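Novice: One structure, pasted below without further comment.
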Amino acid sequence: MIHAGFYAAFFSVEVKIMNAIKGLKDKYGNPPIFTTGSSLGAALATIAGIEINAVYGNVKELHLFGCPRSGNQAYANFIKKSIPTIWRIVHDRDIVPHVPMVSQDFYHPPFEVLFDHELKEFKICDESG
């Protein structure tokens with residue numbers, strides 16, 4: 001299950017994104033595709049990565065900054081299986097990556113890179129998402 005609000009936001013730009021990808025693939029062949037975004041844009045980049053991969057393939061990485069949880073555990077597992085490399089960059093005091101709540105059945109795909117509040121140190125968290 002994907003969060004309905006995030007999916008509605010993605011759906012509002014999906015045709016433009018898919019047309020742009022098609023145009024680029026027609027021009028450049030089949031290079032690897034990376035999607036990226038911050039906050040709401042990170043949730044949309046996650047959905048875009050899955051959708052682009054389903055239609056065109058070759059999505060290799062997601063780079064997500066302050067990404068909210070955008071779906072249930074099955075969705076997070078599907079992302080993990082579908083996209084080879086996922087990096088979620090999180091600042092320790094950012095509230096956005098903590099919503100919606102796990103108690104509401106929303107989860108992240110792995111891996112998280114957690115920065116301290118001064119952005120001087122980080123740790124790579126396990127793949128629990």
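By order in the structure tokens, chains are A, B, ...; within a chain, residues start at 1; ligands start at 1, following the order shown.
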Write out as an NGL selection string each polymer residue whose atoms come within 9 Å of Phe10 of chain A, counting only C-alpha atoms; drop sequence neighbours fewer than 4 positions from it.
Specialist: :A and (5-6 or 14 or 43-45 or 47-48)
Novice: Name all residues at most 7 Å from Cys67 of chain A (count only C-alpha atoms; drop same-chain ones fewer than 3 positions away) and give them as a ChimeraX atom specification.
Specialist: /A:38-40,42-43,64,88,96-97
Novice: Grab the residues selected above and save them as a PDB file, in the first residue's frame with N, CA, C and O atoms.
Specialist:
```pdb
ATOM      1  N   SER A  38      13.722  15.627  -2.004  1.00  0.00           N
ATOM      2  CA  SER A  38      13.819  16.012  -0.611  1.00  0.00           C
ATOM      3  C   SER A  38      12.419  16.191  -0.035  1.00  0.00           C
ATOM      4  O   SER A  38      11.561  16.806  -0.676  1.00  0.00           O
ATOM      5  N   SER A  39      12.197  15.643   1.146  1.00  0.00           N
ATOM      6  CA  SER A  39      10.921  15.746   1.857  1.00  0.00           C
ATOM      7  C   SER A  39       9.802  15.146   1.007  1.00  0.00           C
ATOM      8  O   SER A  39       9.913  13.988   0.607  1.00  0.00           O
ATOM      9  N   LEU A  40       8.764  15.904   0.701  1.00  0.00           N
ATOM     10  CA  LEU A  40       7.698  15.381  -0.159  1.00  0.00           C
ATOM     11  C   LEU A  40       8.274  14.897  -1.483  1.00  0.00           C
ATOM     12  O   LEU A  40       7.884  13.851  -2.001  1.00  0.00           O
ATOM     13  N   ALA A  42      11.062  13.536  -1.984  1.00  0.00           N
ATOM     14  CA  ALA A  42      11.693  12.227  -1.789  1.00  0.00           C
ATOM     15  C   ALA A  42      10.654  11.111  -1.845  1.00  0.00           C
ATOM     16  O   ALA A  42      10.905  10.053  -2.417  1.00  0.00           O
ATOM     17  N   ALA A  43       9.485  11.355  -1.260  1.00  0.00           N
ATOM     18  CA  ALA A  43       8.407  10.362  -1.354  1.00  0.00           C
ATOM     19  C   ALA A  43       8.003  10.187  -2.813  1.00  0.00           C
ATOM     20  O   ALA A  43       7.805   9.058  -3.288  1.00  0.00           O
ATOM     21  N   LEU A  64      17.391   9.844  -1.385  1.00  0.00           N
ATOM     22  CA  LEU A  64      16.232  10.444  -0.741  1.00  0.00           C
ATOM     23  C   LEU A  64      16.678  11.237   0.481  1.00  0.00           C
ATOM     24  O   LEU A  64      17.300  10.692   1.387  1.00  0.00           O
ATOM     25  N   ARG A  88      18.788   6.779   2.013  1.00  0.00           N
ATOM     26  CA  ARG A  88      17.924   7.761   2.652  1.00  0.00           C
ATOM     27  C   ARG A  88      18.789   8.589   3.598  1.00  0.00           C
ATOM     28  O   ARG A  88      19.305   8.076   4.583  1.00  0.00           O
ATOM     29  N   VAL A  96      10.299  14.988   9.470  1.00  0.00           N
ATOM     30  CA  VAL A  96       9.661  14.409   8.276  1.00  0.00           C
ATOM     31  C   VAL A  96       9.917  12.913   8.114  1.00  0.00           C
ATOM     32  O   VAL A  96       8.983  12.164   7.824  1.00  0.00           O
ATOM     33  N   PRO A  97      11.139  12.414   8.304  1.00  0.00           N
ATOM     34  CA  PRO A  97      11.345  10.959   8.143  1.00  0.00           C
ATOM     35  C   PRO A  97      10.608  10.093   9.171  1.00  0.00           C
ATOM     36  O   PRO A  97      10.559   8.884   9.032  1.00  0.00           O
TER      37      PRO A  97
END
```
Novice: Name the residues of chain A that fall into strand (DSSP E) according to DSSP on the backbone, using the chain letters and numbers of this document, as JSON, numbers by chain.
Specialist: {"A": [33, 34, 35, 36, 37, 38, 59, 60, 61, 62, 63, 64, 65, 85, 86, 87, 88, 89, 90, 91, 112, 113, 114, 115, 122, 123, 124]}
Novice: With a distance cut-off of 10 Å and only C-alpha atoms, select the neighbouring residues of His91 of chain A, excluding the residue or stretch itself and same-chain residues fewer than 4 positions from it, and output the selection as a PyMOL selection string.
Specialist: chain A and resi 65-66+95-97+113-119+122
Novice: Write the selection just made, keeping N, CA, C and O atoms, as a compact mmCIF listing (two decimals), in the first residue's frame?
Specialist:
```
# COMPACT_ATOMS: atom_id res chain seq x y z
N PHE A 65 16.34 12.51 0.51
CA PHE A 65 16.74 13.40 1.60
C PHE A 65 15.51 13.75 2.44
O PHE A 65 14.55 14.33 1.92
N GLY A 66 15.52 13.38 3.71
CA GLY A 66 14.41 13.68 4.59
C GLY A 66 13.10 13.08 4.10
O GLY A 66 12.07 13.73 4.11
N ILE A 95 11.82 16.02 11.54
CA ILE A 95 10.60 15.28 11.88
C ILE A 95 10.06 14.50 10.68
O ILE A 95 9.42 13.46 10.83
N VAL A 96 10.30 14.99 9.47
CA VAL A 96 9.66 14.41 8.28
C VAL A 96 9.92 12.91 8.11
O VAL A 96 8.98 12.16 7.82
N PRO A 97 11.14 12.41 8.30
CA PRO A 97 11.34 10.96 8.14
C PRO A 97 10.61 10.09 9.17
O PRO A 97 10.56 8.88 9.03
N VAL A 113 21.16 6.84 6.13
CA VAL A 113 22.40 7.49 6.53
C VAL A 113 21.98 8.59 7.49
O VAL A 113 21.36 9.58 7.09
N LEU A 114 22.25 8.40 8.77
CA LEU A 114 21.79 9.29 9.82
C LEU A 114 22.91 10.24 10.23
O LEU A 114 23.94 9.81 10.75
N PHE A 115 22.68 11.54 9.99
CA PHE A 115 23.65 12.57 10.36
C PHE A 115 23.29 13.15 11.72
O PHE A 115 22.12 13.31 12.05
N ASP A 116 24.33 13.49 12.50
CA ASP A 116 24.08 14.15 13.78
C ASP A 116 23.60 15.58 13.53
O ASP A 116 23.56 16.05 12.39
N HIS A 117 23.21 16.26 14.61
CA HIS A 117 22.60 17.59 14.45
C HIS A 117 23.56 18.63 13.89
O HIS A 117 23.13 19.64 13.35
N GLU A 118 24.84 18.40 13.99
CA GLU A 118 25.83 19.34 13.45
C GLU A 118 26.33 18.94 12.05
O GLU A 118 27.16 19.62 11.48
N LEU A 119 25.82 17.82 11.56
CA LEU A 119 26.22 17.29 10.24
C LEU A 119 27.72 17.00 10.17
O LEU A 119 28.33 17.08 9.11
N PHE A 122 28.13 10.72 10.87
CA PHE A 122 26.98 9.97 10.39
C PHE A 122 27.19 8.50 10.67
O PHE A 122 28.31 8.06 10.93
```
Novice: Would you please work out which residue, of A:Val15, A:Ala4, A:Ala20, A:Val59, is nearest to Gly71 of chain A when using only C-alpha atoms?
Specialist: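 With only C-alpha atoms as the atom set, the closest residue is A:Ala4.
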Novice: Can you list, as a list of chain:residue names, every protein, DNA or RNA residue that comes within 10 Å of Ile50 of chain A when you count only C-alpha atoms, leaving out same-chain residues fewer than 3 positions away?
Specialist: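 Everything that qualifies: A:Thr35, A:Leu44, A:Ala45, A:Thr46, A:Ile47, A:Asn53, A:Ala54, A:Val55, A:Gly57, A:Val59, A:Leu62, A:Phe78, A:Ile79, A:Ser82, A:Ile83.
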Novice: Could you write out that same residue set with N, CA and C atoms as a CSV table (one decimal), in the first residue's frame?
Specialist:
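Written output follows (again_21.csv):
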```csv
chain,number,residue,atom,x,y,z
A,35,THR,N,16.8,8.4,-9.2
A,35,THR,CA,15.8,9.4,-8.8
A,35,THR,C,16.2,10.0,-7.5
A,44,LEU,N,7.9,11.3,-3.6
A,44,LEU,CA,7.6,11.2,-5.0
A,44,LEU,C,8.7,10.6,-5.8
A,45,ALA,N,9.9,10.8,-5.4
A,45,ALA,CA,11.0,10.2,-6.1
A,45,ALA,C,11.0,8.7,-5.9
A,46,THR,N,10.6,8.2,-4.8
A,46,THR,CA,10.5,6.8,-4.5
A,46,THR,C,9.4,6.2,-5.4
A,47,ILE,N,8.3,6.8,-5.4
A,47,ILE,CA,7.2,6.3,-6.3
A,47,ILE,C,7.6,6.3,-7.8
A,53,ASN,N,10.9,2.3,-13.3
A,53,ASN,CA,11.5,0.9,-13.4
A,53,ASN,C,10.5,-0.1,-14.0
A,54,ALA,N,9.2,0.0,-13.7
A,54,ALA,CA,8.2,-0.9,-14.2
A,54,ALA,C,8.0,-0.7,-15.7
A,55,VAL,N,8.1,0.6,-16.2
A,55,VAL,CA,7.8,0.9,-17.6
A,55,VAL,C,9.1,0.8,-18.4
A,57,GLY,N,12.5,0.2,-17.0
A,57,GLY,CA,13.6,-0.5,-16.4
A,57,GLY,C,14.8,0.4,-16.2
A,59,VAL,N,16.3,1.6,-13.5
A,59,VAL,CA,16.5,2.5,-12.3
A,59,VAL,C,17.4,1.8,-11.4
A,62,LEU,N,18.1,5.2,-5.7
A,62,LEU,CA,17.3,6.3,-5.2
A,62,LEU,C,18.1,7.0,-4.2
A,78,PHE,N,9.1,-4.2,-1.5
A,78,PHE,CA,9.1,-4.2,-2.9
A,78,PHE,C,10.1,-3.3,-3.5
A,79,ILE,N,10.2,-2.1,-2.9
A,79,ILE,CA,11.2,-1.1,-3.3
A,79,ILE,C,12.6,-1.7,-3.1
A,82,SER,N,13.3,-4.1,-5.9
A,82,SER,CA,13.3,-3.5,-7.2
A,82,SER,C,14.4,-2.6,-7.6
A,83,ILE,N,14.9,-1.9,-6.6
A,83,ILE,CA,15.9,-0.9,-6.9
A,83,ILE,C,17.2,-1.3,-6.2
```
